[in-house]
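Undergrad: Got a structure for you, target10.cif, holding mmCIF, C-alpha atoms and all ligand atoms.
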data_run
#
loop_
_atom_site.label_atom_id
_atom_site.label_comp_id
_atom_site.auth_asym_id
_atom_site.auth_seq_id
_atom_site.Cartn_x
_atom_site.Cartn_y
_atom_site.Cartn_z
CA MET A 24 -63.29 102.19 105.53
CA SER A 25 -60.11 100.38 106.59
CA ASP A 26 -59.14 100.31 110.27
CA LYS A 27 -56.64 102.65 111.83
CA PRO A 28 -53.15 101.21 111.37
CA GLU A 29 -51.08 100.75 114.52
CA ARG A 30 -48.16 102.64 113.03
CA PHE A 31 -47.86 104.86 109.97
CA ILE A 32 -44.07 104.92 109.77
CA ASP A 33 -41.87 101.85 110.33
CA ASP A 34 -38.42 101.60 111.90
CA GLU A 35 -36.78 102.24 108.54
CA GLY A 36 -38.67 105.50 108.16
CA LEU A 37 -40.96 104.10 105.46
CA ARG A 38 -44.68 104.85 105.29
CA LEU A 39 -47.46 102.34 104.63
CA ASP A 40 -47.11 102.84 100.87
CA GLY A 41 -43.32 102.56 100.98
CA ARG A 42 -42.58 106.28 100.66
CA ARG A 43 -40.21 108.29 102.77
CA VAL A 44 -41.71 111.14 104.81
CA ASP A 45 -40.73 113.81 102.27
CA GLU A 46 -41.74 111.93 99.12
CA ILE A 47 -44.78 112.67 96.97
CA ARG A 48 -46.82 109.97 95.27
CA PRO A 49 -46.08 109.27 91.58
CA MET A 50 -47.88 111.74 89.30
CA LYS A 51 -48.85 111.33 85.63
CA VAL A 52 -50.48 114.01 83.50
CA GLU A 53 -51.95 114.19 80.03
CA MET A 54 -53.12 117.44 78.48
CA GLY A 55 -55.67 118.09 75.76
CA VAL A 56 -57.75 115.00 76.50
CA LEU A 57 -61.16 116.61 75.80
CA SER A 58 -61.83 117.88 72.31
CA ARG A 59 -64.81 120.11 73.22
CA ALA A 60 -63.07 121.92 76.07
CA ASP A 61 -60.78 124.86 75.34
CA GLY A 62 -58.23 123.26 77.63
CA SER A 63 -58.09 120.03 79.57
CA CYS A 64 -55.89 117.79 81.63
CA TYR A 65 -56.18 114.30 83.07
CA LEU A 66 -54.05 113.72 86.13
CA GLU A 67 -53.24 110.63 88.17
CA TRP A 68 -51.56 111.08 91.51
CA GLY A 69 -51.14 107.88 93.46
CA ASN A 70 -54.64 106.41 93.29
CA ASN A 71 -56.33 109.75 92.63
CA LYS A 72 -57.73 110.25 89.15
CA VAL A 73 -58.86 113.75 88.23
CA LEU A 74 -60.04 115.41 85.05
CA ALA A 75 -59.94 119.19 84.63
CA ALA A 76 -61.67 121.06 81.81
CA VAL A 77 -61.56 124.76 80.99
CA TYR A 78 -64.15 126.58 78.89
CA GLY A 79 -63.61 130.17 77.87
CA PRO A 80 -62.96 132.97 77.92
CA ARG A 81 -66.54 133.41 76.72
CA GLU A 82 -69.28 135.96 77.25
CA LEU A 83 -70.84 135.69 80.70
CA HIS A 84 -74.60 135.25 80.99
CA PRO A 85 -76.54 136.63 82.75
CA ARG A 86 -74.83 139.92 81.97
CA ARG A 87 -75.41 141.37 85.43
CA MET A 88 -72.76 138.93 86.68
CA GLN A 89 -70.13 140.36 84.35
CA LYS A 90 -67.16 142.17 85.84
CA PRO A 91 -66.62 145.33 83.80
CA ASN A 92 -62.83 145.37 84.12
CA GLU A 93 -61.86 141.75 84.31
CA VAL A 94 -62.77 138.18 83.55
CA LEU A 95 -64.64 136.10 86.13
CA VAL A 96 -62.94 132.79 86.93
CA ARG A 97 -65.40 130.15 88.12
CA TYR A 98 -64.08 126.91 89.60
CA LYS A 99 -66.25 123.88 90.18
CA TYR A 100 -64.88 120.89 92.08
CA ASN A 101 -66.96 117.74 91.99
CA MET A 102 -66.43 114.24 93.29
CA ALA A 103 -68.13 111.63 91.11
CA SER A 104 -70.50 109.42 93.07
CA PHE A 105 -68.38 106.39 92.10
CA SER A 106 -65.08 107.99 93.10
CA VAL A 107 -64.99 106.63 96.64
CA GLU A 108 -65.51 103.20 98.24
CA ASP A 109 -69.03 103.94 99.45
CA ARG A 110 -70.93 105.74 96.71
CA ILE A 111 -71.43 109.40 97.60
CA ARG A 112 -74.58 111.37 96.93
CA PRO A 113 -74.27 113.13 93.56
CA GLY A 114 -74.51 116.91 93.37
CA PRO A 115 -73.05 119.78 95.33
CA SER A 116 -72.30 119.47 99.02
CA ARG A 117 -70.95 121.87 101.64
CA ARG A 118 -67.54 120.26 101.15
CA SER A 119 -67.50 120.64 97.35
CA THR A 120 -68.80 124.22 97.58
CA GLU A 121 -66.03 125.14 99.98
CA ILE A 122 -63.33 123.40 97.92
CA SER A 123 -64.59 125.10 94.74
CA LYS A 124 -64.40 128.52 96.39
CA VAL A 125 -60.92 128.22 97.87
CA SER A 126 -59.50 126.47 94.80
CA GLY A 127 -60.80 129.18 92.47
CA GLU A 128 -59.20 131.78 94.72
CA ALA A 129 -55.91 129.88 94.51
CA PHE A 130 -55.68 131.01 90.87
CA GLU A 131 -56.49 134.69 91.46
CA PRO A 132 -52.88 135.89 91.74
CA VAL A 133 -51.79 134.20 88.51
CA VAL A 134 -54.65 134.51 86.00
CA MET A 135 -54.30 137.81 84.14
CA THR A 136 -57.93 138.70 84.55
CA GLN A 137 -57.66 142.16 82.96
CA TYR A 138 -57.42 140.64 79.49
CA TYR A 139 -61.06 139.67 79.04
CA PRO A 140 -63.40 142.15 80.77
CA GLY A 141 -66.98 140.93 80.97
CA ALA A 142 -66.05 137.37 80.11
CA VAL A 143 -66.00 134.17 82.14
CA ILE A 144 -63.54 131.30 82.35
CA ASP A 145 -65.09 128.11 83.71
CA VAL A 146 -62.86 125.53 85.32
CA PHE A 147 -64.38 122.14 86.07
CA ALA A 148 -62.48 119.66 88.19
CA GLU A 149 -64.03 116.21 88.28
CA VAL A 150 -62.66 113.64 90.71
CA LEU A 151 -63.09 110.22 89.12
CA GLN A 152 -61.24 108.27 91.79
CA ALA A 153 -60.50 109.68 95.23
CA ASP A 154 -57.72 108.60 97.51
CA ALA A 155 -56.82 111.62 99.70
CA GLY A 156 -55.52 114.88 98.33
CA THR A 157 -58.17 115.36 95.68
CA ARG A 158 -58.42 119.16 96.07
CA THR A 159 -54.67 119.48 95.53
CA ALA A 160 -54.75 117.00 92.63
CA ALA A 161 -57.58 119.00 91.07
CA ILE A 162 -55.63 122.27 91.36
CA ASN A 163 -52.60 120.69 89.70
CA ALA A 164 -54.76 119.44 86.83
CA ALA A 165 -56.63 122.76 86.56
CA THR A 166 -53.37 124.72 86.18
CA LEU A 167 -52.47 122.65 83.14
CA ALA A 168 -55.99 122.83 81.74
CA LEU A 169 -55.87 126.64 82.02
CA ALA A 170 -52.50 126.70 80.27
CA ASP A 171 -53.86 124.30 77.64
CA ALA A 172 -56.73 126.74 77.02
CA GLY A 173 -54.15 129.48 76.42
CA ILE A 174 -55.31 131.56 79.38
CA PRO A 175 -52.62 134.18 80.08
CA MET A 176 -51.08 133.45 83.47
CA LYS A 177 -48.13 134.91 85.31
CA GLY A 178 -47.00 131.40 86.22
CA LEU A 179 -48.16 127.97 87.25
CA VAL A 180 -49.91 127.01 90.47
CA SER A 181 -49.09 123.72 92.16
CA ALA A 182 -50.60 122.14 95.25
CA CYS A 183 -49.70 119.49 97.77
CA ALA A 184 -50.57 118.60 101.36
CA VAL A 185 -48.37 118.08 104.36
CA GLY A 186 -49.56 116.42 107.53
CA LYS A 187 -48.60 114.70 110.72
CA VAL A 188 -48.69 111.02 111.66
CA ASP A 189 -46.95 109.23 114.54
CA GLY A 190 -45.81 112.68 115.66
CA GLN A 191 -43.85 113.21 112.40
CA LEU A 192 -44.46 115.50 109.47
CA VAL A 193 -45.22 113.70 106.20
CA LEU A 194 -45.60 115.08 102.69
CA ASP A 195 -48.57 114.30 100.44
CA LEU A 196 -50.83 112.28 102.75
CA ASN A 197 -52.20 108.95 101.60
CA LYS A 198 -55.70 107.78 102.58
CA PRO A 199 -54.96 106.23 106.02
CA GLU A 200 -52.73 109.20 106.90
CA ASP A 201 -55.49 111.60 105.85
CA ASN A 202 -58.20 109.68 107.71
CA TYR A 203 -56.38 108.92 110.95
CA GLY A 204 -53.46 111.36 111.05
CA GLN A 205 -52.97 114.19 113.52
CA ALA A 206 -52.99 116.99 110.93
CA ASP A 207 -53.68 117.66 107.25
CA LEU A 208 -52.52 120.92 105.66
CA PRO A 209 -53.31 121.31 101.95
CA VAL A 210 -51.36 124.15 100.34
CA ALA A 211 -51.28 125.69 96.86
CA MET A 212 -48.60 128.10 95.73
CA THR A 213 -47.34 129.94 92.70
CA GLN A 214 -44.03 128.98 91.16
CA ASP A 215 -42.51 131.92 93.06
CA GLY A 216 -43.58 130.37 96.36
CA GLU A 217 -46.52 132.72 97.06
CA ILE A 218 -49.12 130.72 99.00
CA THR A 219 -52.55 130.94 97.37
CA LEU A 220 -54.41 128.31 99.39
CA LEU A 221 -53.83 127.09 102.91
CA GLN A 222 -56.24 125.03 104.95
CA MET A 223 -55.73 122.96 108.04
CA ASP A 224 -57.39 120.05 109.78
CA GLY A 225 -55.98 118.92 113.13
CA HIS A 226 -53.16 120.43 115.13
CA LEU A 227 -49.59 121.52 114.44
CA THR A 228 -47.29 123.55 116.67
CA PRO A 229 -45.97 126.83 115.19
CA GLU A 230 -42.57 125.13 114.67
CA GLU A 231 -44.20 122.18 112.90
CA LEU A 232 -46.20 124.56 110.75
CA GLU A 233 -43.04 126.36 109.70
CA GLU A 234 -41.22 123.10 108.97
CA GLY A 235 -44.28 121.69 107.21
CA LEU A 236 -44.49 124.71 104.93
CA GLU A 237 -40.84 124.23 103.93
CA MET A 238 -41.58 120.58 103.20
CA VAL A 239 -44.67 121.35 101.15
CA LYS A 240 -42.77 123.99 99.20
CA LYS A 241 -40.33 121.32 98.05
CA GLY A 242 -43.24 119.07 97.09
CA CYS A 243 -44.83 121.89 95.09
CA GLN A 244 -41.54 122.56 93.31
CA GLN A 245 -41.39 118.93 92.21
CA ILE A 246 -44.95 119.20 90.92
CA ILE A 247 -44.14 122.41 89.03
CA GLU A 248 -41.38 120.46 87.27
CA ILE A 249 -43.85 117.73 86.26
CA GLN A 250 -46.25 120.42 85.00
CA ARG A 251 -43.49 122.17 83.11
CA GLU A 252 -42.40 118.94 81.44
CA ALA A 253 -46.00 118.24 80.42
CA LEU A 254 -46.23 121.71 78.87
CA ILE A 255 -42.93 121.36 77.05
CA SER A 256 -43.80 117.94 75.66
CA ARG A 257 -47.12 119.29 74.35
CA TYR A 258 -46.09 122.74 73.19
CA GLY A 259 -42.31 122.74 72.92
CA ASN A 260 -39.81 124.83 74.82
CA GLU A 261 -40.42 128.55 74.42
CA ASP A 262 -36.98 129.43 75.77
CA GLU A 263 -35.32 127.42 73.01
CA GLU A 264 -37.59 128.91 70.37
CA GLY A 265 -36.35 132.33 71.49
CA GLU A 266 -37.67 135.30 69.53
CA GLU A 267 -41.15 133.85 68.95
CA ALA A 268 -42.06 133.99 72.62
CA GLU A 269 -42.86 137.66 72.86
CA GLU A 270 -43.88 139.12 76.17
CA ASP A 271 -47.17 141.00 76.09
CA SER A 272 -48.21 143.61 78.57
CA PRO A 273 -51.85 144.44 79.28
CA GLU A 274 -51.33 147.98 77.89
CA GLU A 275 -50.42 146.59 74.49
CA VAL A 276 -53.76 144.84 74.06
CA PRO A 277 -56.10 146.93 71.89
CA GLU A 278 -59.40 147.17 73.73
CA SER A 279 -61.60 147.22 70.67
CA GLU A 280 -60.32 143.95 69.21
CA GLU A 281 -61.26 141.44 71.84
CA GLY A 282 -61.61 138.46 69.51
CA GLU A 283 -58.24 139.01 67.85
CA GLU A 284 -56.69 139.77 71.19
CA GLU A 285 -57.76 136.40 72.51
CA GLU A 286 -56.18 134.49 69.68
CA GLY A 287 -53.04 136.57 69.88
CA GLU A 288 -52.70 135.73 73.54
CA ARG A 289 -53.12 132.06 72.92
CA ASP A 290 -50.44 132.09 70.27
CA GLY A 291 -48.15 134.05 72.55
CA SER A 292 -48.51 131.67 75.45
CA PHE A 293 -47.71 128.41 73.75
CA ASP A 294 -46.85 128.99 70.17
CA ASN A 295 -47.27 126.22 67.66
CA GLU A 296 -49.28 125.63 64.54
CA GLU A 297 -51.20 122.71 65.89
CA SER A 298 -52.58 124.62 68.87
CA GLU A 299 -53.56 127.51 66.61
CA ALA A 300 -55.61 125.19 64.41
CA GLU A 301 -57.13 123.54 67.46
CA ASN A 302 -58.07 126.87 68.97
CA LEU A 303 -59.92 127.90 65.83
CA ASP A 304 -61.95 124.70 65.92
CA GLU A 305 -62.49 124.96 69.62
CA ASN A 306 -63.76 128.51 69.34
CA GLU A 307 -66.57 127.23 67.14
CA VAL A 308 -67.42 124.56 69.66
CA THR A 309 -67.36 127.16 72.42
CA LYS A 310 -70.02 129.20 70.63
CA GLU A 311 -72.26 126.12 70.46
CA ASP A 312 -71.66 125.52 74.13
CA GLU A 313 -72.69 129.08 74.91
CA GLY A 314 -75.95 128.47 73.10
CA GLU A 315 -76.51 125.38 75.18
CA GLU A 316 -75.78 127.30 78.31
CA ASP A 317 -78.26 130.00 77.40
CA GLU A 318 -80.96 127.38 76.96
CA ARG A 319 -80.25 125.96 80.38
CA GLN A 320 -80.63 129.36 82.04
P1 LIG B 401 -58.96 115.80 99.95
O1 LIG B 401 -59.43 114.76 98.98
O2 LIG B 401 -58.68 117.10 99.32
O3 LIG B 401 -57.83 115.29 100.83
P2 LIG B 401 -60.63 115.47 102.31
O4 LIG B 401 -59.49 115.59 103.28
O5 LIG B 401 -61.94 116.10 102.64
O6 LIG B 401 -60.20 116.10 100.90
O7 LIG B 401 -60.90 113.97 101.98
C1 LIG B 401 -59.91 112.98 102.06
C2 LIG B 401 -60.37 111.76 101.32
O8 LIG B 401 -61.49 111.20 101.99
C3 LIG B 401 -60.83 112.00 99.91
O9 LIG B 401 -59.77 112.08 98.99
C4 LIG B 401 -61.70 110.82 99.67
O10 LIG B 401 -60.92 109.68 99.36
C5 LIG B 401 -62.35 110.64 101.01
N1 LIG B 401 -63.67 111.31 101.08
C6 LIG B 401 -63.91 112.62 101.14
N2 LIG B 401 -65.22 112.88 101.17
C7 LIG B 401 -65.84 111.68 101.15
C8 LIG B 401 -67.20 111.27 101.17
N3 LIG B 401 -68.21 112.13 101.22
N4 LIG B 401 -67.44 109.94 101.13
C9 LIG B 401 -66.44 109.03 101.08
N5 LIG B 401 -65.13 109.37 101.05
C10 LIG B 401 -64.83 110.68 101.09
#
So that I can check it, write out the structure of this file as structure tokens.
TA:
Amino acid sequence: MSDKPERFIDDEGLRLDGRRVDEIRPMKVEMGVLSRADGSCYLEWGNNKVLAAVYGPRELHPRRMQKPNEVLVRYKYNMASFSVEDRIRPGPSRRSTEISKVSGEAFEPVVMTQYYPGAVIDVFAEVLQADAGTRTAAINAATLALADAGIPMKGLVSACAVGKVDGQLVLDLNKPEDNYGQADLPVAMTQDGEITLLQMDGHLTPEELEEGLEMVKKGCQQIIEIQREALISRYGNEDEEGEEAEEDSPEEVPESEEGEEEEGERDGSFDNEESEAENLDENEVTKEDEGEEDERQ
């Protein structure tokens, strides 16, 4: 690990990586990178590299875990052993278990869980290269992977951290700021600004917390724009397509036609011929996957 820098912000107000205090690191996303997943997204954010894959909705086994009135969303965050400077021990840890739990909960207000009772949606977030802010990077990738899988959502979720170094608030901490800073506050929110994840390491005064939340909100809005552009470049702009983007309400979904309902929803979310064809293929793959899962259990 590198040594603690003497200063994090220079006289010109620039951070060690040249950013201003309210600037996020450059972010690049690519959707649909995995052919066997129902939805996927590869995301680079500064030096973080994260892959998110979504499988489902599919029948949940064992059945006793099924929720009779809604779908179960399972989120698994994992850091690859080669993702950090010193190799980390593979497999779950207290840290990854905690991050998986809170990140899954960050999607609860947006995923329309009533659509697939008894089913499960699995979200896997794999950190390939870690450089501070991996839980937020993973959430940003997972949002797009869920959308790519055609999961009905009320909106997007974006995530970013704010922290404190040299007594100043900074947006989207880099590695030295994360390691040696005075505070780290990862936040996820819906596009309407509803906070769905908030954690804190270190200390902030109530005033700093308030100011930090305003700062992180702006960061999340920038990320939502990046996510929106990624969706539009993959699926086109629904607003421009007009009539085709029909709004469904849960009441309109016939309960007895779950299979058809699923495809209808996917078409409704991001309508184009290519995704329809892909979904048909992917459904077949999903069934094979289910078989594999049964064997493992
Ligand atoms: P986040 O990645 O969400 O900021 P942390 O604040 O726990 O989560 O971690 C900050 C950074 O520290 C990570 O992005 C990663 O670069 C590094 N890190 C975390 N856990 C380990 C570990 N077990 N071994 C080595 N580096 C780690």
Undergrad: Could you give me, as number ranges by chain, the residues within 12 Å of A:Gly36, counting all atoms listed in the file and dropping anything in the same chain fewer than 3 positions from it?
TA: A: 30-33, 39-46, 188-189, 191-193
Undergrad: Could you pull out the residues sitting within 7 Å of ligand LIG 401 (chain B), using all atoms listed in the file, and write them as a PyMOL selection string?
TA: chain A and resi 107-109+111+153-159+198+201-202
Undergrad: With distances taken over all atoms listed in the file, which residue among A:Pro175, A:Gly141, A:Gly114, A:Gly204 lies nearest A:His226?
TA: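 Smallest separation from A:His226 among the options: A:Gly204.
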Undergrad: Which value, in Å to one decimal, gives the distance between atom CA of A:Asp195 and atom CA of A:Gly242?
TA: 7.9 Å
Undergrad: From the list A:Gln214, A:Ile47, A:Leu208, A:Pro91, which residue is nearest A:Glu233 when using all atoms listed in the file?
TA: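 Smallest separation from A:Glu233 among the options: A:Leu208.
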Undergrad: In terms of the shortest atom-to-atom distance over only C-alpha atoms, which of A:Thr213, A:Ser116, A:Gln205, A:Gln89 is closest to A:Val134?
TA: A:Thr213
Undergrad: Go through A:Arg112, A:Arg97, A:Arg117, A:Arg86 one by one, measure the shortest atom-to-atom distance of each to A:Val146 using only C-alpha atoms, and give the residue with the smallest value.
TA: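 The shortest atom-to-atom distance to A:Val146 comes from A:Arg97.
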Undergrad: With all atoms listed in the file as the atoms that count, which of A:Met54, A:Asp224, A:Leu83, A:Leu95 lies nearest to A:Ile255?
TA: A:Met54
Undergrad: Of the residues A:Leu169, A:Ala161, A:Ile249, A:Ala142, which is the one nearest to A:Arg87, using only C-alpha atoms?
TA: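 That would be A:Ala142, the residue with the smallest distance to A:Arg87.
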Undergrad: Could you check how far atom CA of A:Glu128 sits from atom CA of A:Gly259, in Å to one decimal?
TA: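 Result for atom CA of A:Glu128 versus atom CA of A:Gly259: 29.0 Å, one decimal.
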Undergrad: Mind listing as a list in words all residues within 7 Å of (-62.5, 127.5, 76.6), counting all atoms listed in the file?
TA: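 Within the cut-off we find Ala60, Asp61, Gly62, Val77, Tyr78, Gly79, Pro80, Ile144, Ala172 and Thr309 of chain A.
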Undergrad: Hey, can you pull every residue with an atom no more than 7 Å from (-68.8, 120.3, 93.3), using only C-alpha atoms, and send it as a list in words?
TA: Lys99, Tyr100, Asn101, Met102, Gly114, Pro115, Ser116, Ser119, Thr120 and Ser123 of chain A
Undergrad: How would the residues just picked look written out with C-alpha atoms as a JSON list (two decimals), keeping the file's coordinate frame?
TA:
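That gives us selection_2.json:
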[["chain", "number", "residue", "atom", "x", "y", "z"],
["A", 99, "LYS", "CA", -66.25, 123.88, 90.18],
["A", 100, "TYR", "CA", -64.88, 120.89, 92.08],
["A", 101, "ASN", "CA", -66.96, 117.74, 91.99],
["A", 102, "MET", "CA", -66.43, 114.24, 93.29],
["A", 114, "GLY", "CA", -74.51, 116.91, 93.37],
["A", 115, "PRO", "CA", -73.05, 119.78, 95.33],
["A", 116, "SER", "CA", -72.30, 119.47, 99.02],
["A", 119, "SER", "CA", -67.50, 120.64, 97.35],
["A", 120, "THR", "CA", -68.80, 124.22, 97.58],
["A", 123, "SER", "CA", -64.59, 125.10, 94.74]]
Undergrad: Would you compute the distance between atom CA of A:Tyr139 and atom CA of A:Cys243? Give it in Å to one decimal.
TA: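 Here the two named atoms are 28.9 Å from each other.
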